[in-house]
Amino acid sequence: MWGCLGQHFKVRSLVRTASLVRNFFLLKSNFNSAHKSPATAPLPERLHLVTPVWNLSTRGIRGLSRAVGPEGSQKKGRSLLQFLADRFYDVQALREYLLRKQVLTVHQKNRPFTYIQERFGPHVAGVYFILKQGGAVKFQGKEWIRSNARGHFPLDFMTFQAVPVEAVDASGCAINYQGLDSVLALKELQSLWLQRCPHVDDWCLSRLHPLANSLQELSLAGCPRISERGLACLHHLQNLRKLDISDLPAVSNPGLTQILVEEMLPNCEVLGADWARGLKSGPEEQSRDTASPIPA
Amino acid sequence: MLRRALRLGLGRGPLSRGLGTHRGGSTLDQNGKLSEIKKKIQSVLPGGAWNPLYNTSHLPPEHSDVVIVGGGVIGLSVAYWLKRLEKPRGAIRVLVVERDHTYSRASTVLSVGGIRQQFSVPENIQLSLFSIEFLRNINEYLAVVDDPPLDIQFNPAGYLLLASEKGAAVMESNVKVQRQEGAKVCLMSPEQLRNKFPWINTEGVALASYGMEHEGWFDPWCLLQGLRRKVQSMGVLFCHGEVTRFVSSSSHAETTSGEEVTLKRIHEVHVKIDRSLEYQPVECAIVINAAGAWSGQIAELAGVGKGPPGTLQGTKLPVELRKRYVYFWNCPQGPGLETPFVIDASGAYFRREGLGNNYLGGCSPTEEEEPDPGNLEVDHDFFQDKVWPPLAQRVPAFETLKVRNAWAGYYDYNTFDQNGVVGPHPLVVNMYFATGFSGHGLQQAPAVGRAVAEMVLDGHFQTINLSPFLFNRFYLGVKVQEHNII
């Protein structure tokens with residue numbers, strides 16, 4: 001952020017920036033800052049931050065980041081931004097805009113391709129969506145179609161109108177609740193891999209029930225937002241034979257959750273947390289536990 | 001300073017002003033003015049009661065455009081949407097008055113936290129659909145820079161409503177209306193129910209409706225704190241006090257049929273500070289009554305219902321306190337992780353809580369057995385007599401359970417038709433209601449907040465048309481009866 005400010009205003013020293021800031025930016029009154037949320041940094045810490053900044057000679061804005069170590073500069077940069085945001089309306093609006101922009105980029109990635117949907121049907125639109133996100137699709141009897149490093153993929157699947165899609169690999173894609181519309185259009189899907197998707201959460205899992213007739217394999221490993229509450233809605237998928245729920249950081253008790261999910265889906269093989277991980281091993285049994293891991 | 005001194009010294013209220021002369025008109029006699037000046041001079045001289053350097057940081061401001069009475073989820077939702085929909089930014093000053101900042105008796109935090117679309121009135125379904133979309137994107141709506149994202153712990157397990165032979169036809173027509181509005185509900189026969197949930201005893205069940213998506217339960221405290229944090233960052237002022245008085249002026253008008261009506265306009269809200277005798281008169285343009293179970297008392301203070309019964313002046317706000325119990329028990333052999341929020345045909349309900357086979361549940365008492373709402377004491381015999389038997393009959397595993405905890409909370413019960421009251425009062429022209437939801441206020445709060453904000457800012461409802469919920473229906477006798485109330 002400091003870099004772009006420098007390009008925009010083209011000033012060298014921080015002292016000159018400060019005087020410009022005072023004249024240029026809108027100063028907030030003390031009344032508003034008193035109503036900030038209590039989670040912001042307390043005042044003495046911010047004052048400490050200001051003194052070394054002012055003591056810098058004509059080093060320049062880019063020089064500011066070189067003055068301290070990398071993660072220190074990030075933290076100090078954020079507190080400085082917070083300091084400014086508490087006092088200037090424009091900086092606060094800018095920060096809110098940057099936060100909003102992060103959200104909007106995810107929305108943009110998950111927008112539906114309505115033209116393709118109208119022209120070629122929801123089946124083709126779904127496949128196109130997944131390939132565009134960076135995932136891979138496997139039609140029945142054909143090979144995996146994947147986009148290459150530049151994001152290009154062969155378009156001959158447009159002719160496969162009647163061929164059902166067997167498997168979808170959306171690992172690591174920025175697919176979210178809205179983007180699942182396209183996946184749900186593929187009615188004969190048998191295998192869905194959603195490993196390490198950062199925006200797949202409990203709400204998305206509650207949407208998977210239309211695939212109950214065909215879905216046999218589901219992988220949710222490594223998704224940071226899925227908790228045991230979302231796993232409860234998987235009981236609609238009675239045809240599921242393989243479920244992977246390993247490495248879910250938001251699940252509070254992985255061992256117990258796995259037991260409950262196994263009870264919920266009796267015909268399914270659940271790969272997940274080792275149930276012994278939740279138990280505390282006694283001191284004399286330690287070597288025995290690590291030697292023979294109990295299969296999930 | 002001068003005005004404050006006059007008020008502290010004199011404090012006679014509107015009587016000194018007379019009707020229609022709010023802004024200190026020129027109708028005061030010279031003698032009266034002279035005696036006022038004398039009194040002021042006496043208090044300024046040493047020995048008088050006037051202290052010019054008086055710390056008022058704990059008091060609310062003297063002027064506020066909108067005063068929201070009640071800081072629960074509905075009041076905060078109205079404040080949020082007012083600040084979000086106002087043009088230009090920062091145009092409206094909003095003050096939220098809440099007398100209990102620990103929320104120890106507020107209905108919001110004592111609620112079971114469910115959200116469903118299985119209602120019979122289409123407006124209720126739309127309100128709930130909007131609210132679930134709000135909750136799903138809560139981190140976009142309520143994002144505050146540098147604060148951690150909210151996790152409302154939503155369980156998307158759905159609701160399961162069971163109906164006996166008598167209620168099966170009504171349930172079918174309800175599900176049709178729900179599907180038309182966009183809710184994802186399916187009907188199940190007793191065999192399908194047994195296949196899906198083997199722990200249910202389907203004796204006496206003719207039909208069941210199961211919500212597949214957009215239904216479940218969440219943590220209301222997290223929603224409340226998220227709203228509070230966001231609303232504070234948007235510049236809404238909070239006051240820890242109680243509204244004791246409304247100062248209003250009236251004017252007479254004639255209807256087209258020649259009847260005379262008295263229109264009232266509230267000018268000041270007297271906010272009394274907690275555990276103190278001091279109060280602050282807040283001059284305001286609009287008052288929003290979001291006081292929940294106590295809205296009836298606030299409405300009476302404003303003069304709603306003071307007139308001969310049967311007339312519009314005499315129509316009271318029919319919202320009263322009703323006490324409801326919630327019991328928390330543990331049943332080791334109970335239903336598993338897939339358990340939805342089950343509402344039995346008898347009115348008893350339960351839902352799972354957490355991973356440890358704990359359950360929350362209760363039942364609404366009939367009109368004759370309504371408990372006394374004076375305090376929040378729990379009646380454990382009610383569980384033994386009225387809640388446990390129907391639940392144990394429906395879920396045989398519940399025959400062995402152990403009650404761990406119980407609490408009581410208030411419903412802001414609308415005795416007329418158990419649905420919310422939203423919108424302005426026809427006679428007290430600047431008081432808006434957002435109350436009376438009778439147990440489903442939490443799940444409709446975001447949408448109701450938006451509706452009230454649109455009504456205040458634009459004069460009409462825009463996203464969801466809540467005109468069936470206006471106050472007029474109490475006078476006209478038009479009931480918007482909701483059948484699926486638990």
# chains A, B, ... in the order shown; residues from 1 in each chain; ligands from 1
>>> closest_atom_pairs(of="chain A", to="chain B", cutoff="9 Å", atoms="only C-alpha atoms", output="tab-separated table")
residue	atom	partner	partner_atom	distance
A:Asn32	CA	B:Gly235	CA	6.9
A:His35	CA	B:Gln232	CA	6.4
A:Lys36	CA	B:Ser233	CA	5.7
A:Ser37	CA	B:Arg229	CA	6.2
A:Pro38	CA	B:Arg229	CA	8.8
A:Ala39	CA	B:Asp147	CA	6.6
A:Thr40	CA	B:Asp146	CA	7.4
A:Arg78	CA	B:Asp146	CA	8.7
A:Gln82	CA	B:Asp146	CA	8.0
A:Gln92	CA	B:Val145	CA	8.6
A:Arg95	CA	B:Val145	CA	7.0
A:Glu96	CA	B:Val145	CA	6.3
A:Leu99	CA	B:Val145	CA	7.1
A:Arg100	CA	B:Glu140	CA	7.6
A:Val103	CA	B:Glu140	CA	7.4
A:Asp202	CA	B:Pro156	CA	7.3
A:Trp203	CA	B:Pro156	CA	6.9
A:Leu205	CA	B:Pro156	CA	8.7
A:Ser206	CA	B:Glu213	CA	6.1
A:Arg207	CA	B:Glu213	CA	6.8
A:His209	CA	B:Met212	CA	8.0
A:Ser227	CA	B:Gln153	CA	8.8
A:Glu228	CA	B:Leu355	CA	8.2
A:Arg229	CA	B:Asn155	CA	4.9
A:Gly230	CA	B:Asn155	CA	6.6
A:Leu231	CA	B:Leu337	CA	8.5
A:Ala232	CA	B:Glu338	CA	5.0
A:Cys233	CA	B:Ala157	CA	6.0
A:Leu234	CA	B:Glu338	CA	8.1
A:His235	CA	B:Glu338	CA	6.3
A:His236	CA	B:Lys196	CA	8.6
A:Asn253	CA	B:Leu355	CA	8.3
A:Leu256	CA	B:Leu355	CA	7.6
A:Thr257	CA	B:Leu355	CA	7.3
A:Leu260	CA	B:Leu337	CA	6.3
A:Val261	CA	B:Leu337	CA	7.2
A:Glu263	CA	B:Gly336	CA	7.6
A:Met264	CA	B:Leu337	CA	6.7
>>> residues_around(residues="range 433-448 of chain B", least_positions_apart="2", cutoff="7 Å", atoms="only C-alpha atoms", output="compact mmCIF listing (two decimals) with C-alpha atoms, in the first residue's frame")
# COMPACT_ATOMS: atom_id res chain seq x y z
CA VAL B 73 -30.93 -8.20 17.82
CA ILE B 74 -33.92 -6.40 16.26
CA SER B 77 -30.45 -4.75 13.05
CA THR B 108 -32.10 -12.77 21.89
CA GLY B 114 -33.21 -21.81 15.25
CA ILE B 115 -33.99 -20.47 11.80
CA LEU B 127 -38.25 -12.66 5.87
CA SER B 128 -36.59 -15.90 6.87
CA PHE B 130 -33.55 -12.96 3.47
CA SER B 131 -32.19 -13.54 6.96
CA PHE B 134 -27.65 -12.44 5.53
CA ILE B 288 -38.31 2.94 17.07
CA ASN B 289 -39.89 0.58 19.54
CA ALA B 290 -37.75 -2.56 19.48
CA GLY B 292 -39.07 -6.91 22.67
CA SER B 295 -42.72 -3.10 23.96
CA VAL B 319 -47.57 -7.50 22.90
CA TYR B 411 -41.36 -14.29 24.18
CA ASP B 412 -42.59 -10.92 22.97
CA TYR B 413 -45.93 -12.58 22.47
CA ASN B 414 -48.43 -10.93 20.17
CA GLN B 418 -48.60 -14.24 16.99
CA ASN B 419 -46.93 -12.36 14.17
CA GLY B 420 -44.70 -9.31 14.21
CA VAL B 421 -45.80 -5.68 14.22
CA VAL B 422 -43.73 -3.61 11.81
CA GLY B 423 -44.20 -0.04 10.70
CA PRO B 424 -45.43 3.28 12.03
CA MET B 431 -43.12 5.91 16.49
CA ARG B 450 -34.07 -3.68 6.64
CA ALA B 451 -37.84 -3.28 6.29
CA VAL B 452 -38.03 -0.76 9.14
>>> residues_around(residues="range 64-66 of chain B", least_positions_apart="6", cutoff="12 Å", atoms="only C-alpha atoms", output="ChimeraX atom specification")
/B:75,78-79,82-83,90-97,236-239,266-269,280-289,430-432,453,456-457
>>> select_by_dssp(residues="range 52-197 of chain B", states="alpha helix (DSSP H)", output="PyMOL selection string")
chain B and resi 73-85+107-110+122-136+138-141+168-181+190-196
>>> write_last_selection(atoms="C-alpha atoms", output="mmCIF file, in the first residue's frame")
data_model
loop_
_atom_site.group_PDB
_atom_site.id
_atom_site.type_symbol
_atom_site.label_atom_id
_atom_site.label_comp_id
_atom_site.auth_asym_id
_atom_site.auth_seq_id
_atom_site.Cartn_x
_atom_site.Cartn_y
_atom_site.Cartn_z
ATOM 1 C CA VAL B 73 -30.934 -8.203 17.820
ATOM 2 C CA ILE B 74 -33.918 -6.396 16.262
ATOM 3 C CA GLY B 75 -32.872 -2.957 17.537
ATOM 4 C CA LEU B 76 -29.291 -3.427 16.387
ATOM 5 C CA SER B 77 -30.447 -4.748 13.050
ATOM 6 C CA VAL B 78 -32.567 -1.622 12.508
ATOM 7 C CA ALA B 79 -29.567 0.541 13.479
ATOM 8 C CA TYR B 80 -27.335 -1.363 11.050
ATOM 9 C CA TRP B 81 -29.664 -1.014 8.112
ATOM 10 C CA LEU B 82 -30.380 2.640 8.876
ATOM 11 C CA LYS B 83 -26.673 3.388 8.730
ATOM 12 C CA ARG B 84 -26.206 1.245 5.687
ATOM 13 C CA LEU B 85 -29.078 2.612 3.624
ATOM 14 C CA SER B 107 -34.910 -12.756 24.453
ATOM 15 C CA THR B 108 -32.097 -12.775 21.894
ATOM 16 C CA VAL B 109 -29.472 -14.527 23.952
ATOM 17 C CA LEU B 110 -31.840 -16.870 25.808
ATOM 18 C CA PRO B 122 -45.665 -15.978 2.829
ATOM 19 C CA GLU B 123 -44.170 -12.815 4.330
ATOM 20 C CA ASN B 124 -42.655 -14.837 7.164
ATOM 21 C CA ILE B 125 -41.046 -17.187 4.645
ATOM 22 C CA GLN B 126 -39.573 -14.276 2.698
ATOM 23 C CA LEU B 127 -38.250 -12.664 5.873
ATOM 24 C CA SER B 128 -36.586 -15.896 6.866
ATOM 25 C CA LEU B 129 -35.060 -16.449 3.423
ATOM 26 C CA PHE B 130 -33.553 -12.961 3.466
ATOM 27 C CA SER B 131 -32.192 -13.536 6.955
ATOM 28 C CA ILE B 132 -30.543 -16.807 6.060
ATOM 29 C CA GLU B 133 -28.838 -15.141 3.127
ATOM 30 C CA PHE B 134 -27.654 -12.439 5.528
ATOM 31 C CA LEU B 135 -26.294 -15.051 7.929
ATOM 32 C CA ARG B 136 -24.547 -16.931 5.161
ATOM 33 C CA ILE B 138 -22.406 -12.356 7.526
ATOM 34 C CA ASN B 139 -18.720 -11.692 7.078
ATOM 35 C CA GLU B 140 -19.424 -9.495 4.102
ATOM 36 C CA TYR B 141 -22.233 -7.576 5.726
ATOM 37 C CA ALA B 168 -51.790 -33.202 7.583
ATOM 38 C CA ALA B 169 -53.898 -31.205 5.128
ATOM 39 C CA VAL B 170 -52.788 -27.884 6.616
ATOM 40 C CA MET B 171 -49.168 -29.038 6.440
ATOM 41 C CA GLU B 172 -49.526 -29.940 2.763
ATOM 42 C CA SER B 173 -50.938 -26.534 1.866
ATOM 43 C CA ASN B 174 -48.228 -24.843 3.950
ATOM 44 C CA VAL B 175 -45.495 -26.743 2.133
ATOM 45 C CA LYS B 176 -46.984 -25.679 -1.169
ATOM 46 C CA VAL B 177 -46.803 -22.019 -0.146
ATOM 47 C CA GLN B 178 -43.256 -22.503 1.153
ATOM 48 C CA ARG B 179 -42.113 -24.098 -2.093
ATOM 49 C CA GLN B 180 -43.650 -21.253 -4.081
ATOM 50 C CA GLU B 181 -41.664 -18.723 -2.093
ATOM 51 C CA PRO B 190 -44.054 -42.328 7.835
ATOM 52 C CA GLU B 191 -42.078 -45.083 6.015
ATOM 53 C CA GLN B 192 -39.686 -42.598 4.474
ATOM 54 C CA LEU B 193 -39.309 -41.066 7.909
ATOM 55 C CA ARG B 194 -38.437 -44.412 9.453
ATOM 56 C CA ASN B 195 -35.877 -45.092 6.716
ATOM 57 C CA LYS B 196 -34.196 -41.780 7.111
#
>>> residues_around(residues="range 131-135 of chain A", least_positions_apart="2", cutoff="6 Å", atoms="only C-alpha atoms", output="PDB file with N, CA and C atoms, in the first residue's frame")
ATOM      1  N   TYR A 128     -17.407 -26.153 -18.026  1.00  0.00           N
ATOM      2  CA  TYR A 128     -16.602 -24.971 -18.378  1.00  0.00           C
ATOM      3  C   TYR A 128     -16.192 -24.211 -17.127  1.00  0.00           C
ATOM      4  N   PHE A 129     -17.130 -24.085 -16.203  1.00  0.00           N
ATOM      5  CA  PHE A 129     -16.856 -23.353 -14.955  1.00  0.00           C
ATOM      6  C   PHE A 129     -15.705 -24.001 -14.195  1.00  0.00           C
ATOM      7  N   ASP A 169     -12.498 -32.798 -10.180  1.00  0.00           N
ATOM      8  CA  ASP A 169     -11.410 -32.535  -9.244  1.00  0.00           C
ATOM      9  C   ASP A 169     -11.289 -31.023  -9.106  1.00  0.00           C
ATOM     10  N   ALA A 170     -11.814 -30.473  -8.008  1.00  0.00           N
ATOM     11  CA  ALA A 170     -11.752 -29.016  -7.815  1.00  0.00           C
ATOM     12  C   ALA A 170     -10.796 -28.672  -6.690  1.00  0.00           C
ATOM     13  N   CYS A 173      -9.341 -24.979  -5.727  1.00  0.00           N
ATOM     14  CA  CYS A 173     -10.016 -23.924  -6.480  1.00  0.00           C
ATOM     15  C   CYS A 173     -10.757 -22.982  -5.530  1.00  0.00           C
TER      16      CYS A 173
END
>>> atom_distance(atom1="CA of Gln117 in chain B", atom2="CA of Val205 in chain B")
21.0 Å
>>> select_by_dssp(residues="range 13-181 of chain B", states="strand (DSSP E)", output="PyMOL selection string")
chain B and resi 63-69+94-98+114-115+159-163
>>> write_last_selection(atoms="C-alpha atoms", output="PDB file, in the first residue's frame")
ATOM      1  CA  HIS B  63     -30.117  15.447  20.130  1.00  0.00           C
ATOM      2  CA  SER B  64     -30.447  12.368  18.033  1.00  0.00           C
ATOM      3  CA  ASP B  65     -32.299  11.830  14.789  1.00  0.00           C
ATOM      4  CA  VAL B  66     -33.451   8.310  15.563  1.00  0.00           C
ATOM      5  CA  VAL B  67     -33.783   6.772  19.015  1.00  0.00           C
ATOM      6  CA  ILE B  68     -34.080   2.995  19.071  1.00  0.00           C
ATOM      7  CA  VAL B  69     -35.571   1.737  22.309  1.00  0.00           C
ATOM      8  CA  VAL B  94     -28.799   6.986  15.668  1.00  0.00           C
ATOM      9  CA  LEU B  95     -28.963   6.305  19.395  1.00  0.00           C
ATOM     10  CA  VAL B  96     -29.648   2.833  20.788  1.00  0.00           C
ATOM     11  CA  VAL B  97     -30.986   2.805  24.345  1.00  0.00           C
ATOM     12  CA  GLU B  98     -30.585  -0.492  26.174  1.00  0.00           C
ATOM     13  CA  GLY B 114     -33.210 -21.813  15.249  1.00  0.00           C
ATOM     14  CA  ILE B 115     -33.989 -20.468  11.803  1.00  0.00           C
ATOM     15  CA  TYR B 159     -36.188 -28.641  10.598  1.00  0.00           C
ATOM     16  CA  LEU B 160     -38.499 -31.635  10.768  1.00  0.00           C
ATOM     17  CA  LEU B 161     -42.129 -30.831  11.488  1.00  0.00           C
ATOM     18  CA  LEU B 162     -44.418 -33.766  12.289  1.00  0.00           C
ATOM     19  CA  ALA B 163     -48.157 -33.673  11.774  1.00  0.00           C
TER      20      ALA B 163
END
>>> atom_distance(atom1="CA of Glu399 in chain B", atom2="CA of Asn267 in chain A")
28.5 Å
